[in-house]
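Text of work.csv, listed as CSV, C-alpha atoms:
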```csv
chain,number,residue,atom,x,y,z
A,1,MET,CA,-82.1,13.0,-146.6
A,2,THR,CA,-85.8,13.5,-145.8
A,3,PRO,CA,-86.5,16.4,-143.4
A,4,SER,CA,-88.1,15.4,-140.1
A,5,LYS,CA,-91.8,16.2,-139.3
A,6,LYS,CA,-90.5,18.8,-136.9
A,7,GLU,CA,-88.4,20.5,-139.6
A,8,ILE,CA,-91.3,20.4,-142.1
A,9,THR,CA,-93.8,21.7,-139.5
A,10,THR,CA,-91.5,24.5,-138.5
A,11,LYS,CA,-91.1,25.7,-142.1
A,12,VAL,CA,-94.8,25.6,-142.8
A,13,ILE,CA,-95.6,27.5,-139.6
A,14,GLU,CA,-93.2,30.2,-140.8
A,15,GLN,CA,-95.2,30.5,-144.1
A,16,LEU,CA,-98.6,31.0,-142.3
A,17,PRO,CA,-100.1,34.4,-141.7
A,18,GLU,CA,-99.0,35.8,-138.4
A,19,GLN,CA,-102.5,35.5,-136.8
A,20,MET,CA,-102.5,31.8,-137.5
A,21,ARG,CA,-99.3,31.1,-135.6
A,22,MET,CA,-101.0,30.5,-132.2
A,23,PHE,CA,-99.8,27.0,-131.5
A,24,THR,CA,-96.4,25.6,-130.6
A,25,VAL,CA,-94.5,23.3,-133.1
A,26,GLU,CA,-95.3,20.3,-130.9
A,27,GLU,CA,-99.0,21.1,-130.8
A,28,CYS,CA,-99.1,21.6,-134.6
A,29,MET,CA,-97.3,18.3,-135.0
A,30,ARG,CA,-100.0,16.5,-133.0
A,31,ARG,CA,-102.8,18.2,-135.0
A,32,TRP,CA,-101.3,18.2,-138.5
A,33,TRP,CA,-100.0,14.6,-138.8
A,34,GLN,CA,-102.0,11.4,-138.8
A,35,THR,CA,-99.4,9.8,-136.5
A,36,GLY,CA,-98.9,12.9,-134.4
A,37,SER,CA,-95.4,13.8,-133.4
A,38,SER,CA,-94.2,10.2,-133.3
A,39,GLY,CA,-93.0,8.0,-136.1
A,40,THR,CA,-91.6,9.0,-139.5
A,41,ALA,CA,-94.8,8.7,-141.6
A,42,LEU,CA,-95.7,11.9,-143.4
A,43,ARG,CA,-99.4,11.5,-143.9
A,44,LEU,CA,-101.3,14.7,-143.1
A,45,SER,CA,-104.5,15.0,-141.2
A,46,GLU,CA,-107.3,17.2,-142.7
A,47,MET,CA,-106.1,20.1,-140.6
A,48,GLY,CA,-102.5,19.6,-141.7
A,49,ASP,CA,-103.5,19.6,-145.3
A,50,THR,CA,-105.5,22.8,-144.8
A,51,MET,CA,-102.5,24.5,-143.1
A,52,PHE,CA,-100.2,23.5,-145.9
A,53,ARG,CA,-102.7,25.0,-148.4
A,54,ILE,CA,-103.1,28.2,-146.4
A,55,ALA,CA,-99.3,28.5,-146.3
A,56,GLU,CA,-99.4,28.1,-150.1
A,57,ILE,CA,-97.2,25.0,-150.2
A,58,GLU,CA,-97.2,23.7,-153.8
A,59,PHE,CA,-99.1,20.3,-154.2
A,60,TYR,CA,-99.9,17.8,-156.9
A,61,GLN,CA,-103.2,15.9,-156.8
A,62,TYR,CA,-103.9,12.5,-158.3
A,63,ASP,CA,-106.9,10.2,-158.4
A,64,PHE,CA,-106.5,7.4,-155.9
A,65,ASN,CA,-108.0,4.3,-157.5
A,66,VAL,CA,-106.1,1.4,-155.9
A,67,LYS,CA,-107.1,-2.2,-156.1
A,68,LEU,CA,-106.1,-3.5,-152.7
A,69,ASP,CA,-104.7,-7.1,-152.5
A,70,GLU,CA,-103.6,-7.0,-148.8
A,71,GLY,CA,-106.2,-4.6,-147.3
A,72,TRP,CA,-106.4,-1.0,-146.6
A,73,HIS,CA,-104.3,-0.9,-143.4
A,74,GLY,CA,-101.4,-2.8,-145.0
A,75,TYR,CA,-101.5,-0.5,-148.0
A,76,ILE,CA,-101.4,2.6,-145.8
A,77,LEU,CA,-98.5,1.2,-143.8
A,78,ASP,CA,-96.6,0.5,-147.1
A,79,MET,CA,-97.3,4.0,-148.3
A,80,SER,CA,-96.0,5.5,-145.1
A,81,LYS,CA,-92.7,3.6,-145.5
A,82,LYS,CA,-92.3,4.5,-149.2
A,83,LEU,CA,-93.6,8.0,-149.6
A,84,LYS,CA,-90.9,10.4,-148.3
A,85,CYS,CA,-92.9,13.6,-148.6
A,86,PRO,CA,-96.0,15.0,-146.9
A,87,TYR,CA,-99.2,13.6,-148.4
A,88,TYR,CA,-102.9,13.8,-147.8
A,89,LEU,CA,-105.6,11.2,-148.7
A,90,GLY,CA,-109.0,12.8,-149.3
A,91,VAL,CA,-112.3,12.3,-151.0
A,92,THR,CA,-114.0,14.8,-153.3
A,93,LYS,CA,-117.5,15.5,-152.1
A,94,GLU,CA,-119.4,17.1,-155.0
A,95,GLN,CA,-123.2,17.2,-154.6
A,96,GLY,CA,-124.9,14.8,-157.0
A,97,LYS,CA,-121.7,13.1,-158.1
A,98,LYS,CA,-119.9,10.0,-156.9
A,99,ASN,CA,-117.2,10.7,-154.3
A,100,LYS,CA,-113.7,10.1,-155.7
A,101,PRO,CA,-110.7,9.4,-153.5
A,102,TYR,CA,-107.5,11.4,-154.3
A,103,ILE,CA,-104.0,11.8,-153.0
A,104,ARG,CA,-102.4,15.2,-152.6
A,105,LEU,CA,-98.6,15.2,-152.6
A,106,TYR,CA,-96.4,18.0,-151.4
A,107,ASP,CA,-93.2,17.1,-153.5
A,108,SER,CA,-92.6,17.9,-157.2
A,109,LYS,CA,-90.0,15.1,-157.7
A,110,ILE,CA,-92.3,12.3,-156.3
A,111,ALA,CA,-95.2,13.8,-158.3
A,112,MET,CA,-93.2,13.6,-161.5
A,113,MET,CA,-92.3,10.0,-160.8
A,114,ILE,CA,-95.9,9.1,-160.3
A,115,SER,CA,-96.7,10.8,-163.6
A,116,LEU,CA,-94.0,8.8,-165.3
A,117,TYR,CA,-95.3,5.5,-163.8
A,118,GLY,CA,-98.9,6.4,-164.6
A,119,ASP,CA,-100.4,6.1,-161.2
A,120,ILE,CA,-99.6,6.0,-157.5
A,121,ASP,CA,-99.9,2.2,-157.2
A,122,SER,CA,-97.4,1.5,-160.0
A,123,TYR,CA,-95.0,4.0,-158.4
A,124,LEU,CA,-95.3,2.4,-155.0
A,125,LYS,CA,-94.8,-1.1,-156.3
A,126,SER,CA,-91.5,0.1,-158.0
A,127,ILE,CA,-90.0,1.1,-154.6
A,128,LYS,CA,-88.2,-1.6,-152.7
A,129,THR,CA,-88.1,-1.5,-148.9
A,130,GLY,CA,-85.9,-3.4,-146.6
A,131,ARG,CA,-88.3,-5.9,-145.1
```

structure tokens encoding of this file:
Amino acid sequence: MTPSKKEITTKVIEQLPEQMRMFTVEECMRRWWQTGSSGTALRLSEMGDTMFRIAEIEFYQYDFNVKLDEGWHGYILDMSKKLKCPYYLGVTKEQGKKNKPYIRLYDSKIAMMISLYGDIDSYLKSIKTGR
């Protein structure tokens, strides 16, 4: 069973340096997750991703080149239903180079599955949800 946002947040806070533990679990949940403390989606905000990295939580990063058939919001909703681990969507911002979107996953098993499927989109298409 997938741990809840509260359980994940609590464990990450425990891994942070003492001087960075100034907020309650509830406040961290509001700041660290795109959907705040509500819902089951595990998409991290920029602050959440930063806190996971400060806590030295292992991550796997992949290019995020997705051809969207149903639009961005529908795709993100589908990702939120299918990805059962914390993840962050970002864009590399290197001066003089084209920005490249990426996804950072905080789960080795899902990362391995994405590697086997070849990319995030193929992996997500393989997962069936009860609609």

Review point. Which of these, A:Gly118, A:Gly71, A:Gly39, A:Gly90, has the shortest distance to A:Leu105 once you count all atoms listed in the file?
Key: A:Gly90

Check your understanding: Suppose you want the space between atom CA of A:Met47 and atom CA of A:Arg31; what is it in Å?
Key -> 6.8 Å

Practice item. Anything within 10 Å of (-99.0, 6.3, -160.6): list those residues as number ranges by chain, counting all atoms listed in the file and sticking to the file's coordinates. Key: A: 62-66, 110-125

Check your understanding: Of the residues A:Leu16, A:Ala41, A:Met29, A:Met22, which is the one nearest to A:Thr2, using all atoms listed in the file?
Key -> A:Ala41

Exercise for review: Go ahead and find all residues with at least one atom no further than 12 Å from (-100.3, 16.3, -153.2) in the file's coordinates, using all atoms listed in the file; report them as number ranges by chain.
Suggested key: A: 42-44, 49-50, 52-53, 57-64, 83, 85-90, 102-112, 114, 120

Would you save the residues of that selection, restricted to C-alpha atoms, as a PDB file, in the coordinates of the input?
```pdb
ATOM      1  CA  LEU A  42     -95.700  11.900-143.400  1.00  0.00           C
ATOM      2  CA  ARG A  43     -99.400  11.500-143.900  1.00  0.00           C
ATOM      3  CA  LEU A  44    -101.300  14.700-143.100  1.00  0.00           C
ATOM      4  CA  ASP A  49    -103.500  19.600-145.300  1.00  0.00           C
ATOM      5  CA  THR A  50    -105.500  22.800-144.800  1.00  0.00           C
ATOM      6  CA  PHE A  52    -100.200  23.500-145.900  1.00  0.00           C
ATOM      7  CA  ARG A  53    -102.700  25.000-148.400  1.00  0.00           C
ATOM      8  CA  ILE A  57     -97.200  25.000-150.200  1.00  0.00           C
ATOM      9  CA  GLU A  58     -97.200  23.700-153.800  1.00  0.00           C
ATOM     10  CA  PHE A  59     -99.100  20.300-154.200  1.00  0.00           C
ATOM     11  CA  TYR A  60     -99.900  17.800-156.900  1.00  0.00           C
ATOM     12  CA  GLN A  61    -103.200  15.900-156.800  1.00  0.00           C
ATOM     13  CA  TYR A  62    -103.900  12.500-158.300  1.00  0.00           C
ATOM     14  CA  ASP A  63    -106.900  10.200-158.400  1.00  0.00           C
ATOM     15  CA  PHE A  64    -106.500   7.400-155.900  1.00  0.00           C
ATOM     16  CA  LEU A  83     -93.600   8.000-149.600  1.00  0.00           C
ATOM     17  CA  CYS A  85     -92.900  13.600-148.600  1.00  0.00           C
ATOM     18  CA  PRO A  86     -96.000  15.000-146.900  1.00  0.00           C
ATOM     19  CA  TYR A  87     -99.200  13.600-148.400  1.00  0.00           C
ATOM     20  CA  TYR A  88    -102.900  13.800-147.800  1.00  0.00           C
ATOM     21  CA  LEU A  89    -105.600  11.200-148.700  1.00  0.00           C
ATOM     22  CA  GLY A  90    -109.000  12.800-149.300  1.00  0.00           C
ATOM     23  CA  TYR A 102    -107.500  11.400-154.300  1.00  0.00           C
ATOM     24  CA  ILE A 103    -104.000  11.800-153.000  1.00  0.00           C
ATOM     25  CA  ARG A 104    -102.400  15.200-152.600  1.00  0.00           C
ATOM     26  CA  LEU A 105     -98.600  15.200-152.600  1.00  0.00           C
ATOM     27  CA  TYR A 106     -96.400  18.000-151.400  1.00  0.00           C
ATOM     28  CA  ASP A 107     -93.200  17.100-153.500  1.00  0.00           C
ATOM     29  CA  SER A 108     -92.600  17.900-157.200  1.00  0.00           C
ATOM     30  CA  LYS A 109     -90.000  15.100-157.700  1.00  0.00           C
ATOM     31  CA  ILE A 110     -92.300  12.300-156.300  1.00  0.00           C
ATOM     32  CA  ALA A 111     -95.200  13.800-158.300  1.00  0.00           C
ATOM     33  CA  MET A 112     -93.200  13.600-161.500  1.00  0.00           C
ATOM     34  CA  ILE A 114     -95.900   9.100-160.300  1.00  0.00           C
ATOM     35  CA  ILE A 120     -99.600   6.000-157.500  1.00  0.00           C
TER      36      ILE A 120
END
```

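Ranking A:Arg30, A:Arg21, A:Lys84, A:Lys97 by their shortest atom-to-atom distance to A:Met1, with all atoms listed in the file included, puts A:Lys84 first.
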
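As for atom CA of A:Trp33 and atom CA of A:Ser45, they are spaced 5.1 Å apart.
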
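Across the structure, atom CA of A:Ser126 and atom CA of A:Gly74 are spaced 16.6 Å apart.
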
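Shortest atom-to-atom contact with A:Gln34 among A:Thr9, A:Glu46, A:Gln95, A:Lys82: A:Glu46, counting only C-alpha atoms.
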
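Proximity of A:Ile127, A:Cys28, A:Ala55, A:Ile8 to A:Lys81, computed with all atoms listed in the file, is greatest for A:Ile127.
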